[in-house]
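Novice: input04.txt (compact mmCIF, C-alpha atoms and all ligand atoms) pasted underneath:
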```txt
# COMPACT_ATOMS: atom_id res chain seq x y z
CA MET A 1 41.47 -40.98 -7.37
CA ILE A 2 38.32 -39.21 -8.53
CA GLU A 3 37.82 -38.89 -12.26
CA ARG A 4 36.51 -35.40 -13.09
CA ALA A 5 34.13 -36.91 -15.60
CA GLU A 6 32.41 -38.85 -12.82
CA ILE A 7 31.61 -35.75 -10.84
CA SER A 8 28.15 -34.29 -10.96
CA ALA A 9 27.81 -31.08 -9.00
CA PRO A 10 24.20 -30.00 -8.57
CA LEU A 11 25.15 -27.24 -6.09
CA SER A 12 27.50 -25.34 -8.34
CA GLY A 13 24.87 -22.98 -9.77
CA VAL A 14 23.00 -22.39 -6.53
CA LYS A 15 23.46 -19.29 -4.40
CA ARG A 16 23.75 -19.46 -0.63
CA SER A 17 20.89 -17.27 0.60
CA TRP A 18 19.04 -14.87 -1.64
CA ALA A 19 15.88 -12.80 -1.92
CA GLU A 20 14.00 -12.60 -5.20
CA ILE A 21 12.11 -9.33 -5.56
CA ASP A 22 9.33 -9.14 -8.11
CA LEU A 23 9.27 -5.47 -9.13
CA SER A 24 6.21 -5.95 -11.31
CA GLN A 25 4.32 -7.20 -8.23
CA ILE A 26 5.33 -4.04 -6.36
CA LYS A 27 3.98 -1.97 -9.26
CA ARG A 28 0.77 -4.01 -9.21
CA ASN A 29 0.43 -3.52 -5.47
CA TYR A 30 0.80 0.22 -5.98
CA LEU A 31 -1.83 0.33 -8.73
CA LEU A 32 -4.28 -1.93 -6.87
CA TYR A 33 -3.94 0.12 -3.70
CA LYS A 34 -4.51 3.37 -5.55
CA ASN A 35 -7.44 1.83 -7.32
CA SER A 36 -9.01 0.77 -4.03
CA ILE A 37 -8.74 4.16 -2.34
CA GLY A 38 -9.22 6.47 -5.34
CA ASN A 39 -7.01 6.99 -8.32
CA ASP A 40 -6.80 10.72 -7.62
CA VAL A 41 -4.82 9.98 -4.46
CA GLU A 42 -1.17 10.82 -4.84
CA ILE A 43 1.25 8.27 -3.43
CA ILE A 44 4.45 9.02 -1.57
CA ALA A 45 6.25 5.69 -1.80
CA VAL A 46 7.87 4.87 1.52
CA VAL A 47 11.20 3.23 0.70
CA LYS A 48 12.97 3.65 4.02
CA ALA A 49 15.07 0.84 5.45
CA ASN A 50 16.16 -0.23 1.97
CA ALA A 51 12.51 -0.38 0.90
CA TYR A 52 11.65 -2.65 3.82
CA GLY A 53 14.48 -4.92 2.74
CA HIS A 54 13.39 -5.03 -0.91
CA GLY A 55 16.07 -2.70 -2.30
CA ASP A 56 15.38 1.05 -2.28
CA VAL A 57 16.86 2.16 -5.58
CA ALA A 58 15.31 -0.73 -7.51
CA VAL A 59 11.88 -0.24 -5.94
CA ALA A 60 11.89 3.55 -6.31
CA GLY A 61 13.07 3.22 -9.92
CA ALA A 62 10.29 0.75 -10.73
CA LEU A 63 7.63 2.96 -9.14
CA ALA A 64 8.95 6.05 -10.89
CA THR A 65 8.14 4.35 -14.20
CA GLU A 66 4.53 4.08 -12.94
CA GLY A 67 4.44 7.80 -12.28
CA VAL A 68 5.35 7.99 -8.59
CA LYS A 69 7.03 11.33 -8.01
CA ALA A 70 7.68 11.37 -4.28
CA PHE A 71 9.58 9.02 -2.01
CA ALA A 72 10.05 8.90 1.74
CA VAL A 73 13.02 7.59 3.67
CA SER A 74 14.03 7.62 7.31
CA ASN A 75 17.37 9.40 7.19
CA ILE A 76 19.73 11.46 5.08
CA ASP A 77 21.96 8.55 4.06
CA GLU A 78 18.99 6.69 2.63
CA ALA A 79 18.06 9.87 0.75
CA ILE A 80 21.57 10.20 -0.67
CA ARG A 81 21.48 6.57 -1.79
CA LEU A 82 18.32 7.26 -3.78
CA ARG A 83 19.84 10.34 -5.40
CA ARG A 84 23.05 8.50 -6.28
CA GLY A 85 20.90 5.72 -7.69
CA GLY A 86 19.37 8.22 -10.09
CA ILE A 87 16.07 8.85 -8.32
CA SER A 88 14.77 12.36 -8.95
CA GLY A 89 11.56 13.87 -7.69
CA GLU A 90 10.70 14.63 -4.11
CA VAL A 91 12.69 12.78 -1.45
CA ILE A 92 11.37 13.34 2.06
CA VAL A 93 13.37 12.39 5.15
CA LEU A 94 10.74 11.41 7.73
CA GLY A 95 13.07 11.35 10.73
CA TYR A 96 16.04 13.03 12.33
CA THR A 97 18.99 14.32 10.37
CA PRO A 98 21.86 15.64 12.50
CA PRO A 99 21.82 19.41 11.96
CA SER A 100 25.54 19.18 11.14
CA ARG A 101 24.46 17.43 7.93
CA ALA A 102 22.38 20.39 6.75
CA VAL A 103 24.79 20.78 3.84
CA ASP A 104 23.75 17.32 2.57
CA ILE A 105 20.06 18.21 2.82
CA TRP A 106 20.84 21.14 0.57
CA ARG A 107 23.26 19.44 -1.79
CA TYR A 108 20.94 16.52 -2.55
CA GLY A 109 17.78 18.60 -2.73
CA VAL A 110 16.09 16.62 0.00
CA THR A 111 13.04 17.66 2.02
CA GLN A 112 13.74 17.40 5.74
CA THR A 113 11.10 16.80 8.40
CA LEU A 114 11.10 19.44 11.10
CA ILE A 115 10.63 17.53 14.33
CA SER A 116 10.10 20.55 16.57
CA ARG A 117 10.81 24.28 16.72
CA GLU A 118 14.05 23.53 18.56
CA TYR A 119 15.10 21.18 15.79
CA ALA A 120 14.21 23.75 13.14
CA ASP A 121 16.33 26.34 15.00
CA ALA A 122 19.26 23.94 15.15
CA LEU A 123 19.08 23.39 11.39
CA ILE A 124 18.88 27.12 10.72
CA SER A 125 21.96 27.68 12.85
CA CYS A 126 23.92 25.21 10.71
CA THR A 127 23.31 26.68 7.27
CA GLU A 128 22.58 29.89 5.41
CA ARG A 129 20.50 27.97 2.91
CA ARG A 130 16.73 27.83 2.84
CA LEU A 131 16.35 24.07 3.08
CA LYS A 132 13.29 22.25 1.77
CA ALA A 133 11.27 21.08 4.75
CA GLN A 134 7.95 19.84 6.11
CA PHE A 135 6.66 20.19 9.63
CA ALA A 136 5.58 17.07 11.47
CA ILE A 137 2.42 17.60 13.50
CA ASP A 138 1.92 15.36 16.52
CA THR A 139 -1.78 14.56 16.66
CA GLY A 140 -1.53 11.96 19.41
CA MET A 141 1.27 9.52 18.74
CA ASN A 142 3.65 11.46 20.99
CA ARG A 143 6.66 10.72 18.82
CA ILE A 144 7.70 13.79 16.81
CA GLY A 145 6.12 17.02 15.71
CA LEU A 146 4.49 20.23 16.82
CA ASP A 147 1.74 19.74 19.39
CA GLY A 148 -1.35 19.16 17.28
CA ARG A 149 -3.64 19.68 20.26
CA LEU A 150 -2.77 23.37 19.85
CA PRO A 151 -3.64 24.00 16.19
CA MET A 152 -3.20 27.78 16.35
CA GLU A 153 0.33 27.40 17.67
CA CYS A 154 1.10 24.86 14.96
CA ALA A 155 -0.17 27.23 12.29
CA ASP A 156 1.85 30.10 13.77
CA ALA A 157 5.03 28.02 13.72
CA VAL A 158 4.46 26.91 10.15
CA ARG A 159 4.01 30.53 9.05
CA LYS A 160 6.95 31.78 11.06
CA TYR A 161 9.41 29.19 9.79
CA ALA A 162 8.27 29.60 6.19
CA ASP A 163 10.76 32.49 6.01
CA CYS A 164 13.72 30.28 6.89
CA PHE A 165 12.77 27.13 4.99
CA GLN A 166 11.25 26.30 1.66
CA LEU A 167 8.28 24.71 3.41
CA ASN A 168 6.44 22.38 1.08
CA GLY A 169 4.19 20.54 3.49
CA VAL A 170 2.96 19.36 6.85
CA PHE A 171 2.12 15.84 7.88
CA THR A 172 1.04 13.70 10.77
CA HIS A 173 1.32 10.00 11.46
CA LEU A 174 -1.62 7.80 12.36
CA CYS A 175 -0.55 5.25 14.94
CA ALA A 176 -3.68 3.11 15.32
CA ALA A 177 -5.24 3.15 11.86
CA ASP A 178 -4.67 -0.60 11.44
CA GLY A 179 -6.84 -1.36 14.46
CA ALA A 180 -10.52 -2.23 14.19
CA SER A 181 -11.58 -1.70 17.80
CA PRO A 182 -13.95 1.16 18.57
CA ALA A 183 -11.26 2.83 20.72
CA GLU A 184 -8.70 2.69 17.91
CA ARG A 185 -11.24 3.98 15.41
CA GLU A 186 -12.20 6.85 17.66
CA PHE A 187 -8.55 7.69 18.32
CA THR A 188 -7.72 7.70 14.61
CA ARG A 189 -10.68 9.97 13.86
CA LEU A 190 -9.44 12.34 16.57
CA GLN A 191 -5.94 12.38 15.04
CA ILE A 192 -7.38 13.17 11.62
CA LYS A 193 -9.63 15.88 13.05
CA ARG A 194 -6.70 17.56 14.79
CA PHE A 195 -4.64 17.41 11.63
CA ALA A 196 -7.47 18.74 9.47
CA HIS A 197 -7.80 21.67 11.84
CA VAL A 198 -4.14 22.63 11.42
CA ALA A 199 -4.43 22.11 7.66
CA GLU A 200 -7.42 24.46 7.50
CA LEU A 201 -5.58 27.20 9.37
CA ILE A 202 -2.75 27.17 6.83
CA ALA A 203 -4.82 26.35 3.75
CA ASP A 204 -4.02 29.76 2.24
CA MET A 205 -0.32 28.80 2.09
CA ARG A 206 -1.24 26.19 -0.51
CA LEU A 207 1.49 23.78 0.57
CA PRO A 208 1.65 20.94 -1.97
CA TYR A 209 2.27 18.16 0.58
CA VAL A 210 -0.37 17.97 3.30
CA HIS A 211 -0.61 14.33 4.27
CA CYS A 212 -1.65 12.01 7.04
CA LEU A 213 -2.42 8.58 5.59
CA ASN A 214 -0.10 5.59 5.88
CA SER A 215 -0.98 2.19 4.35
CA ALA A 216 -3.65 1.40 6.91
CA GLY A 217 -4.92 4.97 6.95
CA GLY A 218 -5.56 4.85 3.22
CA LEU A 219 -7.30 1.49 3.46
CA TYR A 220 -9.65 2.44 6.28
CA TYR A 221 -9.83 6.24 6.30
CA GLY A 222 -9.19 6.99 2.64
CA GLN A 223 -12.40 8.95 2.12
CA LEU A 224 -11.27 12.12 3.84
CA PRO A 225 -12.07 15.76 3.18
CA CYS A 226 -10.01 16.85 0.20
CA HIS A 227 -7.40 18.97 1.93
CA VAL A 228 -6.00 16.16 4.10
CA GLY A 229 -6.89 12.92 2.37
CA ARG A 230 -5.53 13.11 -1.14
CA ILE A 231 -1.97 12.00 -0.45
CA ALA A 232 -0.94 8.69 1.14
CA ARG A 233 2.48 7.63 2.35
CA LEU A 234 2.40 4.06 1.22
CA GLY A 235 4.81 1.62 2.81
CA ILE A 236 4.00 -1.92 3.85
CA VAL A 237 1.19 -2.57 1.35
CA LEU A 238 3.55 -1.75 -1.55
CA TYR A 239 5.44 -4.84 -0.50
CA GLY A 240 2.27 -6.91 -0.28
CA LEU A 241 2.24 -7.19 3.50
CA LYS A 242 -0.41 -6.15 5.99
CA PRO A 243 -0.22 -3.30 8.49
CA SER A 244 -1.55 -5.76 11.03
CA PHE A 245 -2.17 -9.49 10.81
CA GLU A 246 -5.96 -9.09 11.07
CA ASN A 247 -6.18 -6.68 8.11
CA GLN A 248 -7.49 -7.74 4.71
CA LEU A 249 -5.72 -6.38 1.65
CA PRO A 250 -7.44 -5.60 -1.65
CA ARG A 251 -7.49 -8.61 -3.97
CA GLY A 252 -4.33 -9.18 -5.95
CA ILE A 253 -1.99 -7.38 -3.55
CA LEU A 254 0.64 -10.01 -2.80
CA PRO A 255 4.09 -10.29 -1.25
CA ALA A 256 6.80 -9.27 -3.70
CA LEU A 257 9.75 -10.88 -1.97
CA SER A 258 10.70 -14.56 -1.80
CA TRP A 259 13.64 -15.69 0.29
CA LYS A 260 15.45 -18.83 -0.72
CA THR A 261 18.42 -20.86 0.34
CA ALA A 262 20.42 -23.89 -0.75
CA VAL A 263 20.15 -27.40 0.64
CA THR A 264 23.84 -28.10 1.22
CA MET A 265 23.72 -31.60 2.68
CA VAL A 266 21.20 -34.38 3.30
CA LYS A 267 21.68 -37.31 5.63
CA ASN A 268 20.01 -39.83 7.91
CA VAL A 269 19.79 -39.22 11.63
CA ARG A 270 19.03 -42.19 13.85
CA ALA A 271 16.39 -42.29 16.55
CA GLY A 272 17.98 -41.15 19.81
CA GLU A 273 20.41 -38.73 18.19
CA THR A 274 20.16 -35.00 18.67
CA VAL A 275 20.48 -32.11 16.24
CA GLY A 276 22.31 -28.82 16.62
CA TYR A 277 23.35 -26.49 19.43
CA GLY A 278 22.30 -27.45 22.91
CA CYS A 279 21.13 -30.80 21.53
CA ALA A 280 17.80 -28.98 21.42
CA TYR A 281 16.17 -31.52 19.12
CA LEU A 282 15.95 -35.22 19.91
CA ALA A 283 15.05 -37.54 17.02
CA GLU A 284 12.37 -39.88 18.31
CA LYS A 285 12.55 -41.94 15.14
CA ASP A 286 14.96 -42.21 12.25
CA ILE A 287 14.73 -39.05 10.17
CA ARG A 288 16.16 -37.59 7.01
CA LEU A 289 17.81 -34.25 7.69
CA ALA A 290 18.66 -31.41 5.34
CA THR A 291 21.16 -28.67 6.19
CA LEU A 292 20.32 -25.21 4.83
CA SER A 293 22.72 -22.33 4.29
CA THR A 294 20.85 -19.52 6.01
CA GLY A 295 20.92 -18.57 9.68
CA TYR A 296 20.09 -15.80 12.08
CA ALA A 297 22.97 -13.62 10.84
CA ASP A 298 21.01 -13.51 7.59
CA GLY A 299 18.05 -12.21 9.54
CA TYR A 300 16.24 -15.52 9.88
CA SER A 301 14.73 -15.40 13.35
CA ARG A 302 16.28 -17.76 15.88
CA ALA A 303 12.88 -17.77 17.56
CA LEU A 304 11.79 -20.12 14.76
CA SER A 305 14.08 -22.85 16.16
CA ASN A 306 12.08 -26.10 16.44
CA VAL A 307 8.98 -24.06 15.49
CA GLY A 308 9.22 -22.79 11.92
CA HIS A 309 9.34 -24.64 8.66
CA VAL A 310 10.64 -24.16 5.13
CA LEU A 311 9.20 -25.35 1.84
CA ILE A 312 11.02 -27.79 -0.42
CA ASN A 313 9.44 -29.06 -3.63
CA GLY A 314 6.06 -27.72 -2.53
CA LYS A 315 6.12 -29.52 0.82
CA LYS A 316 6.69 -28.46 4.42
CA ALA A 317 9.98 -29.30 6.08
CA PRO A 318 9.90 -28.49 9.82
CA LEU A 319 12.99 -26.87 11.32
CA VAL A 320 14.69 -29.10 13.85
CA GLY A 321 17.12 -27.87 16.44
CA ARG A 322 18.23 -24.31 16.90
CA VAL A 323 18.73 -21.93 14.03
CA CYS A 324 22.50 -21.34 13.90
CA MET A 325 24.21 -18.11 12.90
CA ASP A 326 24.70 -19.18 9.27
CA GLN A 327 22.91 -22.50 8.88
CA MET A 328 19.91 -24.45 10.05
CA MET A 329 18.50 -27.94 9.75
CA ALA A 330 15.13 -29.20 8.54
CA ASP A 331 13.41 -32.57 8.69
CA VAL A 332 12.78 -33.74 5.13
CA SER A 333 11.65 -37.29 6.00
CA ASP A 334 8.30 -36.70 4.30
CA ILE A 335 9.70 -35.15 1.14
CA PRO A 336 11.05 -37.65 -1.39
CA ASN A 337 14.45 -37.27 -3.03
CA VAL A 338 15.65 -34.09 -1.40
CA LYS A 339 19.29 -33.61 -2.32
CA MET A 340 22.19 -31.22 -2.16
CA GLY A 341 21.54 -28.31 -4.52
CA ASP A 342 17.78 -28.27 -4.00
CA VAL A 343 16.24 -24.94 -3.13
CA ALA A 344 14.42 -24.34 0.14
CA THR A 345 11.92 -21.49 0.32
CA LEU A 346 12.07 -19.54 3.58
CA LEU A 347 9.52 -16.92 2.53
CA GLY A 348 7.31 -17.15 -0.53
CA VAL A 349 5.45 -19.72 -2.58
CA SER A 350 6.41 -23.31 -3.34
CA GLY A 351 3.80 -25.40 -5.14
CA ASP A 352 0.47 -24.85 -3.38
CA LEU A 353 2.05 -23.70 -0.14
CA SER A 354 3.36 -20.37 0.95
CA ILE A 355 5.07 -18.76 3.92
CA THR A 356 4.41 -15.05 4.41
CA ALA A 357 6.40 -12.54 6.41
CA ASP A 358 3.12 -11.67 8.14
CA TRP A 359 2.72 -15.26 9.31
CA MET A 360 6.36 -15.49 10.33
CA GLY A 361 6.09 -12.25 12.27
CA LYS A 362 3.02 -13.46 14.11
CA THR A 363 4.74 -16.76 14.89
CA VAL A 364 7.72 -15.10 16.54
CA GLY A 365 5.75 -12.34 18.26
CA THR A 366 6.44 -9.45 15.92
CA ILE A 367 5.13 -8.01 12.66
CA GLY A 368 5.86 -8.66 9.00
CA TYR A 369 7.61 -5.27 8.83
CA GLU A 370 10.34 -6.46 11.18
CA ILE A 371 10.78 -9.74 9.32
CA VAL A 372 11.48 -8.14 5.93
CA CYS A 373 13.50 -5.26 7.39
CA GLY A 374 15.59 -7.84 9.20
CA ILE A 375 16.76 -9.72 6.11
CA SER A 376 20.39 -8.77 6.30
CA GLU A 377 22.65 -7.22 3.74
CA ARG A 378 24.55 -10.42 3.07
CA VAL A 379 21.41 -11.96 1.57
CA GLU A 380 21.81 -11.21 -2.11
CA ARG A 381 18.88 -9.38 -3.76
CA VAL A 382 17.86 -10.65 -7.17
CA TYR A 383 15.38 -8.60 -9.19
CA LYS A 384 12.68 -9.71 -11.56
CA ASN A 385 10.98 -7.08 -13.71
C1 LIG B 1 7.12 4.16 7.95
C2 LIG B 1 6.20 5.30 7.84
C3 LIG B 1 5.12 5.25 6.96
C4 LIG B 1 4.74 4.00 6.20
O1 LIG B 1 3.91 3.20 7.01
P1 LIG B 1 3.26 1.86 6.43
O2 LIG B 1 2.46 1.34 7.57
O3 LIG B 1 4.40 0.97 6.08
O4 LIG B 1 2.46 2.27 5.26
C5 LIG B 1 4.37 6.39 6.80
N1 LIG B 1 4.66 7.51 7.49
C6 LIG B 1 5.66 7.59 8.37
C7 LIG B 1 5.91 8.86 9.10
C8 LIG B 1 6.47 6.49 8.58
O5 LIG B 1 7.46 6.56 9.47
```
Starting from the file, lay out its structure as structure tokens.

Specialist:
Amino acid sequence: MIERAEISAPLSGVKRSWAEIDLSQIKRNYLLYKNSIGNDVEIIAVVKANAYGHGDVAVAGALATEGVKAFAVSNIDEAIRLRRGGISGEVIVLGYTPPSRAVDIWRYGVTQTLISREYADALISCTERRLKAQFAIDTGMNRIGLDGRLPMECADAVRKYADCFQLNGVFTHLCAADGASPAEREFTRLQIKRFAHVAELIADMRLPYVHCLNSAGGLYYGQLPCHVGRIARLGIVLYGLKPSFENQLPRGILPALSWKTAVTMVKNVRAGETVGYGCAYLAEKDIRLATLSTGYADGYSRALSNVGHVLINGKKAPLVGRVCMDQMMADVSDIPNVKMGDVATLLGVSGDLSITADWMGKTVGTIGYEIVCGISERVERVYKN
């Protein structure tokens, strides 16, 4: 029989898998970015995809206290979430909203991107209201927007549809601004030139939102002629990550999210034994093994199996075996006294070491964006002001 008094339970206060989001770091990133490209630049905070996994309402709320007045999301449901979370100001939907949801665009006072003339017509056919809208201009990405190689036609469309919509802007998206090669630089300059041409043709309309810069655009092309370069749609750098691995960020801009998990069990594994699914790891010597309570269903990439590592007590613990759906195992042989209830850092800082989403993305053949967007809903978000 176990006496209750004998029980010590170090795990009882520890969560399973959680992300700590430092809202003050996001505010700092915003201010440092603005400072580096010109404090007169207005920022549209891009908080789509749940603010790149950081929590859209919390992030937008924090930035609103710093004076941010405009937010961008990818779809109408994200926009509604912001409104229900108490976010006022401009909310721009950057992507497709089914025309059948025109009533929501109206009801929540959202600004909808017009993808094409055909899309604009479809919206008009679904509502009597003059919806708030911005035209996308395609200056070379070939994704959405009016054909920016034909600036006169773009300008005509913008004027024509101004009767049916409350048009408050036009924008384009730079798709190679993070690249440093001469070809990418030349391409980006061409995109900006095309956009500037359209902007000039409609300058008399005095639309308040004429914008083309994303995070990388602001960093590398922030010194633009006034009419196109004074607004930036800031996404990834807000979160302290880089548009591309090779980029350098202004000093002090740092990741705002740490991802942690519990050590749930520690044990010895003998030389010759294997670990996990497919027996994909063979212990060549006796090791000490920790089981962690995060897996690929939490968004932790299975591609890190036998490749990635976590941090425990400021030291590296290599992952051994395959990442499971809800758990994974790490070799803690070189870390003294690891025990149930310890915290393992999956992303973030521990002692002198850190693991960044940018590094993790590069390691698994993707980008930091996909790493943070992939942290699933079941990972609890914890906010620090
Ligand atoms: C996602 C997105 C952004 C933000 O890009 P970052 O590289 O994260 O700054 C800006 N504009 C559009 C149209 C987007 O879709």

Novice: Kindly provide the residues of chain A that approach ligand LIG 1 (chain B) to within 6 Å, each paired with its closest atom pair and their distance in Å to one decimal, based on all atoms listed in the file, listed by chain and increasing number, as a tab-separated table.

Specialist:
```
residue	atom	partner	partner_atom	distance
A:Val46	CA	B:LIG1	C4	5.7
A:Leu94	CA	B:LIG1	C7	5.6
A:His173	CA	B:LIG1	C7	5.3
A:Asn214	CA	B:LIG1	O4	4.2
A:Ser215	CA	B:LIG1	O4	3.6
A:Arg233	CA	B:LIG1	C5	5.0
A:Leu234	CA	B:LIG1	O4	4.4
A:Gly235	CA	B:LIG1	O3	3.4
A:Ile236	CA	B:LIG1	O3	3.7
A:Pro243	CA	B:LIG1	O2	5.4
```

Novice: Could you list, as a ChimeraX atom specification, every residue within 7 Å of Thr139 (chain A), counting all atoms listed in the file and ignoring same-chain residues fewer than 6 positions away?

Specialist: /A:147-149,172,191,194-195

Novice: Using all atoms listed in the file, what residues lie at most 12 Å away from (18.0, 25.6, 9.9) (file coordinates), given as a VMD selection string?

Specialist: chain A and resid 97 to 103 105 to 106 112 to 133 161 to 167

Novice: Could you jot down the CA of Ala196 (chain A) to CA of Ile37 (chain A) separation for me, Å, one decimal place?

Specialist: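 The value is 18.8 Å.
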
Novice: Excluding region 258-271 of chain A and any residue of its chain fewer than 2 positions from it, enumerate the residues within 7 Å of it, using all atoms listed in the file, and give them as a PyMOL selection string.

Specialist: chain A and resi 14-21+256+273+283-294+339-348

Novice: What gap, in Å, lies between CA of Asn29 (chain A) and CA of Leu249 (chain A)?

Specialist: 9.8 Å

Novice: From the list A:Asp77, A:Asp334, A:Asp326, A:Asp352, which residue is nearest Ser376 (chain A) when using all atoms listed in the file?

Specialist: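 Closest residue, counting all atoms listed in the file: A:Asp326.
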
Novice: From the set A:Lys160, A:Lys69, A:Lys34, A:Arg378, which residue has the shortest atom-to-atom contact distance to Arg230 (chain A), counting all atoms listed in the file?

Specialist: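 Using all atoms listed in the file, the shortest distance to Arg230 (chain A) belongs to A:Lys34.
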
Novice: Give as a ChimeraX atom specification the set of residues within 9 Å of the point (2.3, 21.7, 11.1), where distances use the file's coordinates and all atoms listed in the file.

Specialist: /A:134-138,145-148,151,153-158,169-172,195,198-199,202

Novice: Please produce a file of those selected residues containing C-alpha atoms, as a PDB file, keeping the file's coordinate frame.

Specialist:
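What landed in selection_12.pdb:
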```pdb
ATOM      1  CA  GLN A 134       7.950  19.840   6.110  1.00  0.00           C
ATOM      2  CA  PHE A 135       6.660  20.190   9.630  1.00  0.00           C
ATOM      3  CA  ALA A 136       5.580  17.070  11.470  1.00  0.00           C
ATOM      4  CA  ILE A 137       2.420  17.600  13.500  1.00  0.00           C
ATOM      5  CA  ASP A 138       1.920  15.360  16.520  1.00  0.00           C
ATOM      6  CA  GLY A 145       6.120  17.020  15.710  1.00  0.00           C
ATOM      7  CA  LEU A 146       4.490  20.230  16.820  1.00  0.00           C
ATOM      8  CA  ASP A 147       1.740  19.740  19.390  1.00  0.00           C
ATOM      9  CA  GLY A 148      -1.350  19.160  17.280  1.00  0.00           C
ATOM     10  CA  PRO A 151      -3.640  24.000  16.190  1.00  0.00           C
ATOM     11  CA  GLU A 153       0.330  27.400  17.670  1.00  0.00           C
ATOM     12  CA  CYS A 154       1.100  24.860  14.960  1.00  0.00           C
ATOM     13  CA  ALA A 155      -0.170  27.230  12.290  1.00  0.00           C
ATOM     14  CA  ASP A 156       1.850  30.100  13.770  1.00  0.00           C
ATOM     15  CA  ALA A 157       5.030  28.020  13.720  1.00  0.00           C
ATOM     16  CA  VAL A 158       4.460  26.910  10.150  1.00  0.00           C
ATOM     17  CA  GLY A 169       4.190  20.540   3.490  1.00  0.00           C
ATOM     18  CA  VAL A 170       2.960  19.360   6.850  1.00  0.00           C
ATOM     19  CA  PHE A 171       2.120  15.840   7.880  1.00  0.00           C
ATOM     20  CA  THR A 172       1.040  13.700  10.770  1.00  0.00           C
ATOM     21  CA  PHE A 195      -4.640  17.410  11.630  1.00  0.00           C
ATOM     22  CA  VAL A 198      -4.140  22.630  11.420  1.00  0.00           C
ATOM     23  CA  ALA A 199      -4.430  22.110   7.660  1.00  0.00           C
ATOM     24  CA  ILE A 202      -2.750  27.170   6.830  1.00  0.00           C
TER      25      ILE A 202
END
```

Novice: Kindly indicate which residue among A:Gln248, A:Asn168, A:Asn35, A:Thr363 lies nearest to Ser301 (chain A), using only C-alpha atoms for the distances.

Specialist: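 Residue with the minimum atom-to-atom distance to Ser301 (chain A): A:Thr363.
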
Novice: Could you name the residues that touch region 217-227 of chain A at 10 Å or less, counting only C-alpha atoms, but leaving out those on the same chain fewer than 6 positions away, as an NGL selection string?

Specialist: :A and (33-34 or 36-38 or 41 or 173-180 or 185 or 188-189 or 192 or 196 or 199-200 or 203 or 206 or 209-211 or 233-234 or 237 or 243 or 247-250)

Novice: Near Ala64 (chain A), counting all atoms listed in the file, which residues have an atom at most 12 Å away, once you skip same-chain residues fewer than 3 positions from it, shown as a short mmCIF file (atom, residue, chain, number, x, y, z; two decimals) with C-alpha atoms, in the coordinates of the input?

Specialist:
```cif
data_model
loop_
_atom_site.label_atom_id
_atom_site.label_comp_id
_atom_site.auth_asym_id
_atom_site.auth_seq_id
_atom_site.Cartn_x
_atom_site.Cartn_y
_atom_site.Cartn_z
CA LEU A 23 9.27 -5.47 -9.13
CA ILE A 26 5.33 -4.04 -6.36
CA LYS A 27 3.98 -1.97 -9.26
CA TYR A 30 0.80 0.22 -5.98
CA ILE A 43 1.25 8.27 -3.43
CA ILE A 44 4.45 9.02 -1.57
CA ALA A 45 6.25 5.69 -1.80
CA ASP A 56 15.38 1.05 -2.28
CA VAL A 57 16.86 2.16 -5.58
CA ALA A 58 15.31 -0.73 -7.51
CA VAL A 59 11.88 -0.24 -5.94
CA ALA A 60 11.89 3.55 -6.31
CA GLY A 61 13.07 3.22 -9.92
CA GLY A 67 4.44 7.80 -12.28
CA VAL A 68 5.35 7.99 -8.59
CA LYS A 69 7.03 11.33 -8.01
CA ALA A 70 7.68 11.37 -4.28
CA PHE A 71 9.58 9.02 -2.01
CA LEU A 82 18.32 7.26 -3.78
CA GLY A 86 19.37 8.22 -10.09
CA ILE A 87 16.07 8.85 -8.32
CA SER A 88 14.77 12.36 -8.95
CA GLY A 89 11.56 13.87 -7.69
CA GLU A 90 10.70 14.63 -4.11
#
```

Novice: For Ser354 (chain A), work out the shell of residues within 12 Å, counting all atoms listed in the file and skipping chain neighbours fewer than 2 positions away, then give it as a ChimeraX atom specification.

Specialist: /A:254-255,257-259,309-316,344-352,356-360

Novice: For a quick check of understanding, using all atoms listed in the file, which of A:Val332, A:Gly240, A:Asp104, A:His197 has the smallest distance to Met152 (chain A)?

Specialist: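 With all atoms listed in the file as the atom set, the closest residue is A:His197.
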
Novice: Counting only C-alpha atoms, figure out which residue out of A:Val228, A:Ala79, A:Leu282, A:Val379 gets nearest to Ala297 (chain A).

Specialist: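 Ranked by minimum distance to Ala297 (chain A), first place goes to A:Val379.
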
Novice: For Val47 (chain A), which of A:Met1, A:Leu304, A:Ile335, A:Val91 is the closest residue, counting all atoms listed in the file?

Specialist: A:Val91

Novice: Between CA of Ser24 (chain A) and CA of Glu246 (chain A), what distance in Å does the model show, to one decimal?

Specialist: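 Separation between CA of Ser24 (chain A) and CA of Glu246 (chain A): 25.7 Å.
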
Novice: Could you work out an axis-aligned bounding box for all listed atoms of region 269-278 of chain A, with 8 Å added on each of the six sides, and give its centre and edge lengths in Å to one decimal, as JSON?

Specialist:
```
{"center_x": 19.9, "center_y": -34.4, "center_z": 17.3, "size_x": 23.0, "size_y": 31.8, "size_z": 27.3}
```
